[in-house]
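Q: Sharing a structure here in structure tokens format.
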Amino acid sequence: MTATSTANNQEQVSAVRTLTLGGAINAGLRAAMERDPKVLLMGEDIGALGGVFRVTDGLHKDFGERRVIDTPLAESGIVGTAIGMSFRGYRPVLEIQFDGFIFPAFDQITTSLAKLHYRTQGKLTVPLVIRVPYAGHIGAIEHHSESPEALFAHTAGLRIISPATPQDGYDMIQQAIASPDPVLFFEPKARYWDKGEVDSTRVTAQLDGINGASKGTAEMSRARVAREGSDVTLLAYGPTVRLAMQTAVAAAEDGVSIEVIDLRSISPFDYETILASVKKTGRAVVVHEAPAAYGTGSELAAHIGEHAFFRLHAPVMRVGGFHTPYPGSKFEHEYLPSLDRVLDAIDKVMAH
Amino acid sequence: MPKYQLFPLPDAGEGLTEADLVTWRVAVGDRVEVNQPLIEIETAKSLVELPCPVDGVVTKLLAHEGDTVEVGVAICEFDIDPDGPPAPEEPEPAAGSVAPAAAEGANPAGPYAPAGAGLDGAASASAGSSGSAEAGQAGAASGAATASGTSAQAEGQTGGGTAVLVGYGVKDGSAHRRPRKDGAIESIGGAGDSDYPVLAMPPVRKLAKELGVDITTINPSGPGGLVTRGDVEQKVKATSAQTLATYANDDQPWLETGYSSDNGRSTRVPVKSVRKRTAEAMVQSAFTAPHVTEFLTVDVTETMNLVAKLKVDKDFADVRVTPLLLVAKALLLAVRRHPEVNASWDEVKQEIVYKHYVNLGIAASTPRGLVVPNIKDAHRLPLHALATELQHLTAEARSGRVPPARMADGTITITNVGALGIDTGTPILNPGEAAILAFGAIRQQPWVHEGEIQIRWVTQLALSFDHRLVDGELGARLLFDVGRVMNDPAHGLVWA
């Protein structure tokens with residue numbers, strides 16, 4: 001999204017580039033639009049302005065207003081329109097400007113989008129991606145820092161994924177667009193400026209190959225062991241992966257070896273990877289920004305309890321937001337999981 | 001006196017950590033005033049003109065046009081007191097005044113942020129009302145790194161955050177760790193809930209169940225009255241050490257790692273190490289290689305005479321000469337006449353592997369169980385060397401320290417069951433070998449010798465072989481040749 005990265009996007013000078021997460025998603029969108037002329041973008045201010053986070057920067061200029069469409073401020077209309085377009089062979093990629101703005105579209109997403117494949121007995125697929133910048137840590141006003149992923153994960157028929165690194169941002173947005181299923185793509189907005197190396201060859205080879213779409217869908221649904229360890233499995237996704245890595249470093253100083261798993265996919269969860277790790281360590285802690293109550297961590301804790309009961313040395317702990325509305329920005333750091341709160345949970349599970 | 005102040009690249013409040021410098025609007029030596037255009041920078045959104053934060057004179061430009069500069073890096077330096085008296089010899093270091101300015105710059109809501117960042121972000125730039133001059137003065141006056149502003153702003157400085165279009169900017173949670181509390185871990189999972197009879201982790205309950213221990217009878221030692229794994233094991237040990245159904249003090253070494261049933265009528269010992277390997281090897285061997293065993297009873301009086309002679313031979317004074325040594329030699333001689341027996345069966349590749357060396361295994365009972373170390377390249381060893389090796393191997397086995405290499409890659413084996421007073425047996429092949437010779441006890445027996453019944457030294461030999469690659473006839477010839485040398489060691493001369 002900087003001038004430098006935009007230039008690189010156009011030139012494709014080398015396979016490995018250093019990009020921000022935002023820049024990587026931008027490059028991924030560009031690659032997807034080049035791969036498939038049916039891919040088009042819709043959202044509020046995503047055109048000439050390039051989106052409030054500049055994730056669609058430059059795409060309007062290069063692909064034109066018929067493929068990068070500025071919409072009215074009407075989320076329900078954006079999603080409803082896109083569902084209709086996907087019936088006719090388009091692959092719309094929508095941007096919901098902020099997490100808290102998605103609710104006008106909640107009905108379209110849960111009532112229509114999620115159910116159409118089922119309702120048509122599998123005759124109809126709805127290849128549609130909804131990008132949602134989400135989560136906090138930016139000191140924003142109300143409706144701009146929420147983590148609503150559990151509300152959608154509870155609805156069958158949607159894929160919910162969230163990248164934590166520039167490489168995943170680049171790969172997963174393309175896998176999501178290629179997938180025949182509706183995907184909610186949650187982008188951790190506080191991580192947009194984190195930089196990392198992005199190798200563009202792998203996902204390209206995958207999606208251009210035989211059965212690229214289904215391989216891509218499988219690949220984006222897989223968790224990643226971000227750091228190996230032996231005492232505690234620390235499960236995180238999107239915005240909290242970096243915190244989990246910091247916790248692992250801090251805990252290592254205390255002699256506790258933490259295995260960090262970047263879940264990447266929230267629905268479905270990659271239980272194979274999760275259970276393999278928990279069975280190895282015997283302890284699990286989940287950390288996400290959304291409230292711990294009724295959250296994705298609760299689902300993980302229950303599943304781990306059901307499938308690894310006799311391997312557990314301690315109950316599965318959840319670290320998340322409190323069961324309150326998202327607070328005013330001055331207090332968000334009290335509300336959001338912090339290094340100390342995760343370490344407290346680690347201490348508790350290690351006491352057993 | 002000149003007062004120097006650095007100007008760090010401020011966060012323009014547009015969601016970037018860096019910006020490209022486009023055009024300087026001032027040059028070194030220029031006299032500037034607050035809000036005069038200083039430099040034009042390019043961000044993702046647009047060109048932005050940064051206003052000058054101070055009145056004074058530009059003394060240094062620290063970055064060039066076209067550079068990409070990270071937010072917080074100084075791009076120029078001002079003298080904010082150009083009209084004062086000249087500096088003394090040691091000018092006041094500029095660093096003192098830098099800190100607050102840098103801190104202020106890191107705050108996107110600070111005074112240098114341009115107003116009206118755009119679309120959804122009116123909030124981003126409006127907050128900075130405290131004057132830049134004030135910050136500069138505070139720094140210059142005290143040299144302390146305390147900038148004016150609210151406490152939230154002060155926090156923002158340590159966060160090193162990134163600005164965004166909406167909000168105060170990216171700021172991660174504190175990376176500082178408060179001191180960890182010692183031993184004051186809150187209990188979880190209902191531990192400490194003493195109304196229930198037993199508190200235990202699921203794996204511990206499972207262990208107790210498997211070991212047949214009633215978990216309610218265990219004294220807990222864990223936090224909050226939790227029964228731990230150690231408690232269960234302790235309990236098991238305590239229980240099993242009680243009276244066994246056999247005799248008092250029947251605490252045998254092989255029971256040590258096991259646990260006894262509640263009534264003391266049986267003890268279960270986990271199958272481990274040598275016992276486990278032996279069991280696996282024997283099962284594998286017995287169920288893959290079809291075993292055939294042939295027997296031969298031999299008059300070994302001549303061999304015993306030779307043993308007696310060698311025992312007093314001064315060349316053999318430093319080694320132990322035993323009947324086993326001569327059986328080993330006899331087997332080596334026989335293998336030389338029938339090398340097909342020195343082979344193994346490769347099931348995977350469906351090939352027979354003929355070995356052009358003999359690693360002669362000797363089955364040995366050790367404190368840790370049965371092992372089969374072997375003498376490498378035994379076919380090349382003269383009798384004295386063979387005796388030395390055999391003695392060495394026996395000593396190693398007795399001490400229980402047989403290195404794994406000693407047990408690998410055997411080609412044929414002798415098991416000396418006679419040492420235990422047994423006549424003979426039907427030995428099971430060492431896996432990967434095609435034949436094994438059991439050497440029975442040597443006894444004085446009535447024996448027909450040269451047409452008369454005499455008292456002779458007699459023994460029984462038994463040869464088991466893998467019938468997949470050794471036929472009955474080959475086995476018989478091998479066994480018969482071993483017997484011939486044992487019966488008359490002079491045959492060794494004839495064949496060698």
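Within each chain, counting starts at residue 1; across the structure tokens, chains are named A, B, ... in the order shown, with ligands numbered 1 upward in that order.
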Near B:Ile41, counting only C-alpha atoms, which residues have an atom at most 12 Å away, once you skip same-chain residues fewer than 5 positions from it, shown as a ChimeraX atom specification?
A: /B:9-12,16,18-25,46-51,63-71,75,114
Q: Can you write out as a tab-separated table which residues of chain A fall within 6 Å of chain B, alongside each residue's closest atom pair and its distance in Å to one decimal, counting only C-alpha atoms and ordering rows by chain and ascending residue number?
A:
residue	atom	partner	partner_atom	distance
A:Thr2	CA	B:Ala44	CA	5.3
A:His137	CA	B:Lys171	CA	5.4
A:Ile138	CA	B:Val170	CA	4.1
A:Gly139	CA	B:Gly167	CA	4.5
A:Ala140	CA	B:Gly167	CA	3.5
A:Ala190	CA	B:Val170	CA	5.7
A:Phe310	CA	B:Pro203	CA	4.5
A:Arg311	CA	B:Pro203	CA	5.9
A:Pro315	CA	B:Gly189	CA	5.9
A:His333	CA	B:Gly173	CA	5.8
A:Ser338	CA	B:Gly173	CA	5.5
Q: With only C-alpha atoms as the atoms that count, which of A:Val278, A:Ala284, A:Ala32, A:Ile266 lies nearest to A:Ser179?
A: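 Among the listed residues, A:Ala32 lies closest to A:Ser179.
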Q: Do you know which residues are at most 9 Å from A:Gly212 counting only C-alpha atoms, after dropping those on the same chain fewer than 5 positions away, and could you put them as a ChimeraX atom specification?
A: /A:175,178-179,205-207,217
Q: Go ahead and dump the residues you just picked, N, CA and C atoms, as a CSV table (one decimal), in the first residue's frame.
A:
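And here's result31.csv as it stands now:
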chain,number,residue,atom,x,y,z
A,175,GLN,N,-6.8,-17.8,-2.0
A,175,GLN,CA,-7.5,-19.1,-1.8
A,175,GLN,C,-9.0,-18.8,-1.5
A,178,ALA,N,-10.7,-18.0,-4.7
A,178,ALA,CA,-10.9,-19.2,-5.6
A,178,ALA,C,-11.8,-20.2,-5.0
A,179,SER,N,-12.1,-20.2,-3.7
A,179,SER,CA,-12.9,-21.2,-3.1
A,179,SER,C,-14.4,-21.1,-3.6
A,205,ALA,N,1.2,-21.4,-7.9
A,205,ALA,CA,1.4,-22.7,-8.4
A,205,ALA,C,0.2,-23.6,-8.0
A,206,GLN,N,-0.3,-23.4,-6.7
A,206,GLN,CA,-1.4,-24.1,-6.2
A,206,GLN,C,-2.7,-23.8,-7.0
A,207,LEU,N,-3.0,-22.5,-7.1
A,207,LEU,CA,-4.3,-22.2,-7.7
A,207,LEU,C,-4.3,-22.4,-9.2
A,217,THR,N,-8.8,-24.2,-0.9
A,217,THR,CA,-9.7,-24.2,0.2
A,217,THR,C,-9.2,-25.0,1.3
Q: Any idea what's packed within 10 Å of stretch 63-77 of chain A, counting only C-alpha atoms, ignoring anything in its chain fewer than 4 positions away? Could you give it as a PyMOL selection string?
A: chain A and resi 30+33-34+37-51+56+58-59+81-83+92-97+101-109
Q: Now that the selection is made, can you save its residues with N, CA and C atoms as a tab-separated table (two decimals), in the first residue's frame?
A:
chain	number	residue	atom	x	y	z
A	30	ARG	N	-4.89	-8.09	-6.28
A	30	ARG	CA	-4.46	-7.80	-7.64
A	30	ARG	C	-4.22	-9.10	-8.42
A	33	MET	N	-7.44	-10.76	-9.31
A	33	MET	CA	-8.16	-10.07	-10.39
A	33	MET	C	-7.51	-10.33	-11.74
A	34	GLU	N	-6.18	-10.50	-11.71
A	34	GLU	CA	-5.49	-10.83	-12.96
A	34	GLU	C	-5.78	-12.26	-13.38
A	37	PRO	N	-11.05	-12.83	-14.61
A	37	PRO	CA	-11.73	-11.55	-14.92
A	37	PRO	C	-13.10	-11.43	-14.26
A	38	LYS	N	-13.62	-12.52	-13.69
A	38	LYS	CA	-14.92	-12.45	-13.02
A	38	LYS	C	-14.80	-11.92	-11.59
A	39	VAL	N	-13.56	-11.78	-11.10
A	39	VAL	CA	-13.37	-11.24	-9.75
A	39	VAL	C	-13.59	-9.73	-9.79
A	40	LEU	N	-14.47	-9.23	-8.94
A	40	LEU	CA	-14.64	-7.79	-8.83
A	40	LEU	C	-14.80	-7.39	-7.37
A	41	LEU	N	-14.45	-6.14	-7.08
A	41	LEU	CA	-14.43	-5.65	-5.71
A	41	LEU	C	-15.57	-4.67	-5.51
A	42	MET	N	-16.20	-4.75	-4.34
A	42	MET	CA	-17.27	-3.80	-4.00
A	42	MET	C	-17.10	-3.36	-2.56
A	43	GLY	N	-17.39	-2.12	-2.29
A	43	GLY	CA	-17.33	-1.65	-0.92
A	43	GLY	C	-17.38	-0.14	-0.85
A	44	GLU	N	-17.39	0.34	0.38
A	44	GLU	CA	-17.51	1.77	0.59
A	44	GLU	C	-16.14	2.43	0.50
A	45	ASP	N	-15.98	3.35	-0.40
A	45	ASP	CA	-14.75	4.12	-0.57
A	45	ASP	C	-13.55	3.26	-0.98
A	46	ILE	N	-13.81	2.13	-1.61
A	46	ILE	CA	-12.67	1.28	-1.98
A	46	ILE	C	-12.12	1.68	-3.34
A	47	GLY	N	-12.83	2.52	-4.08
A	47	GLY	CA	-12.43	2.84	-5.45
A	47	GLY	C	-11.27	3.82	-5.52
A	48	ALA	N	-11.57	5.02	-5.91
A	48	ALA	CA	-10.50	6.01	-6.09
A	48	ALA	C	-9.71	6.22	-4.81
A	49	LEU	N	-10.40	6.18	-3.67
A	49	LEU	CA	-9.70	6.41	-2.41
A	49	LEU	C	-8.82	5.22	-2.03
A	50	GLY	N	-9.20	4.04	-2.47
A	50	GLY	CA	-8.40	2.85	-2.13
A	50	GLY	C	-8.77	2.26	-0.79
A	51	GLY	N	-9.92	2.62	-0.26
A	51	GLY	CA	-10.35	2.07	1.04
A	51	GLY	C	-9.74	2.84	2.18
A	56	THR	N	-7.25	-1.53	-1.02
A	56	THR	CA	-7.56	-1.65	-2.45
A	56	THR	C	-6.84	-0.58	-3.26
A	58	GLY	N	-4.87	1.56	-5.65
A	58	GLY	CA	-4.35	1.37	-7.01
A	58	GLY	C	-5.16	0.44	-7.88
A	59	LEU	N	-6.08	-0.31	-7.31
A	59	LEU	CA	-6.81	-1.31	-8.09
A	59	LEU	C	-7.88	-0.63	-8.97
A	81	THR	N	-26.61	-7.62	-3.18
A	81	THR	CA	-26.27	-7.45	-4.59
A	81	THR	C	-25.23	-8.47	-5.02
A	82	ALA	N	-24.23	-8.64	-4.16
A	82	ALA	CA	-23.15	-9.56	-4.51
A	82	ALA	C	-23.62	-11.00	-4.59
A	83	ILE	N	-24.55	-11.37	-3.74
A	83	ILE	CA	-25.09	-12.73	-3.81
A	83	ILE	C	-25.73	-12.94	-5.18
A	92	PRO	N	-17.60	-11.87	-6.46
A	92	PRO	CA	-17.46	-10.58	-5.79
A	92	PRO	C	-16.62	-10.69	-4.52
A	93	VAL	N	-15.78	-9.69	-4.29
A	93	VAL	CA	-15.00	-9.58	-3.06
A	93	VAL	C	-15.43	-8.26	-2.42
A	94	LEU	N	-16.09	-8.37	-1.28
A	94	LEU	CA	-16.69	-7.20	-0.66
A	94	LEU	C	-15.82	-6.70	0.49
A	95	GLU	N	-15.84	-5.41	0.71
A	95	GLU	CA	-15.20	-4.88	1.90
A	95	GLU	C	-16.28	-4.27	2.79
A	96	ILE	N	-16.34	-4.76	4.02
A	96	ILE	CA	-17.14	-4.09	5.04
A	96	ILE	C	-16.16	-3.17	5.75
A	97	GLN	N	-16.43	-1.88	5.73
A	97	GLN	CA	-15.39	-0.92	6.11
A	97	GLN	C	-14.83	-1.15	7.51
A	101	PHE	N	-19.68	-2.43	11.37
A	101	PHE	CA	-20.64	-2.02	10.35
A	101	PHE	C	-21.29	-3.22	9.67
A	102	ILE	N	-20.90	-4.44	10.07
A	102	ILE	CA	-21.35	-5.60	9.32
A	102	ILE	C	-22.80	-5.97	9.62
A	103	PHE	N	-23.31	-5.46	10.74
A	103	PHE	CA	-24.59	-5.99	11.19
A	103	PHE	C	-25.79	-5.67	10.31
A	104	PRO	N	-25.82	-4.55	9.61
A	104	PRO	CA	-26.91	-4.40	8.64
A	104	PRO	C	-26.93	-5.54	7.62
A	105	ALA	N	-25.79	-6.18	7.37
A	105	ALA	CA	-25.73	-7.28	6.41
A	105	ALA	C	-25.88	-8.64	7.07
A	106	PHE	N	-26.08	-8.65	8.38
A	106	PHE	CA	-26.12	-9.93	9.10
A	106	PHE	C	-27.20	-10.85	8.54
A	107	ASP	N	-28.34	-10.26	8.24
A	107	ASP	CA	-29.45	-11.04	7.71
A	107	ASP	C	-29.08	-11.65	6.36
A	108	GLN	N	-28.54	-10.86	5.46
A	108	GLN	CA	-28.14	-11.37	4.15
A	108	GLN	C	-27.12	-12.51	4.29
A	109	ILE	N	-26.18	-12.33	5.23
A	109	ILE	CA	-25.09	-13.30	5.36
A	109	ILE	C	-25.59	-14.61	5.96
Q: Could you pull out the strand (DSSP E or B) residues of stretch 53-96 of chain A from DSSP and send them as a list of chain:residue names?
A: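 Selecting the strand (DSSP E or B) positions of stretch 53-96 of chain A gives A:Val68, A:Ile69, A:Asp70, A:Arg91, A:Pro92, A:Val93, A:Leu94, A:Glu95.
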Q: Name the closest residue to B:Leu437 among the candidates B:Val482, B:Leu469, B:Leu211, B:Ala279; distances are taken between atoms, counting only C-alpha atoms.
A: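 Result for the nearest residue to B:Leu437: B:Val482.
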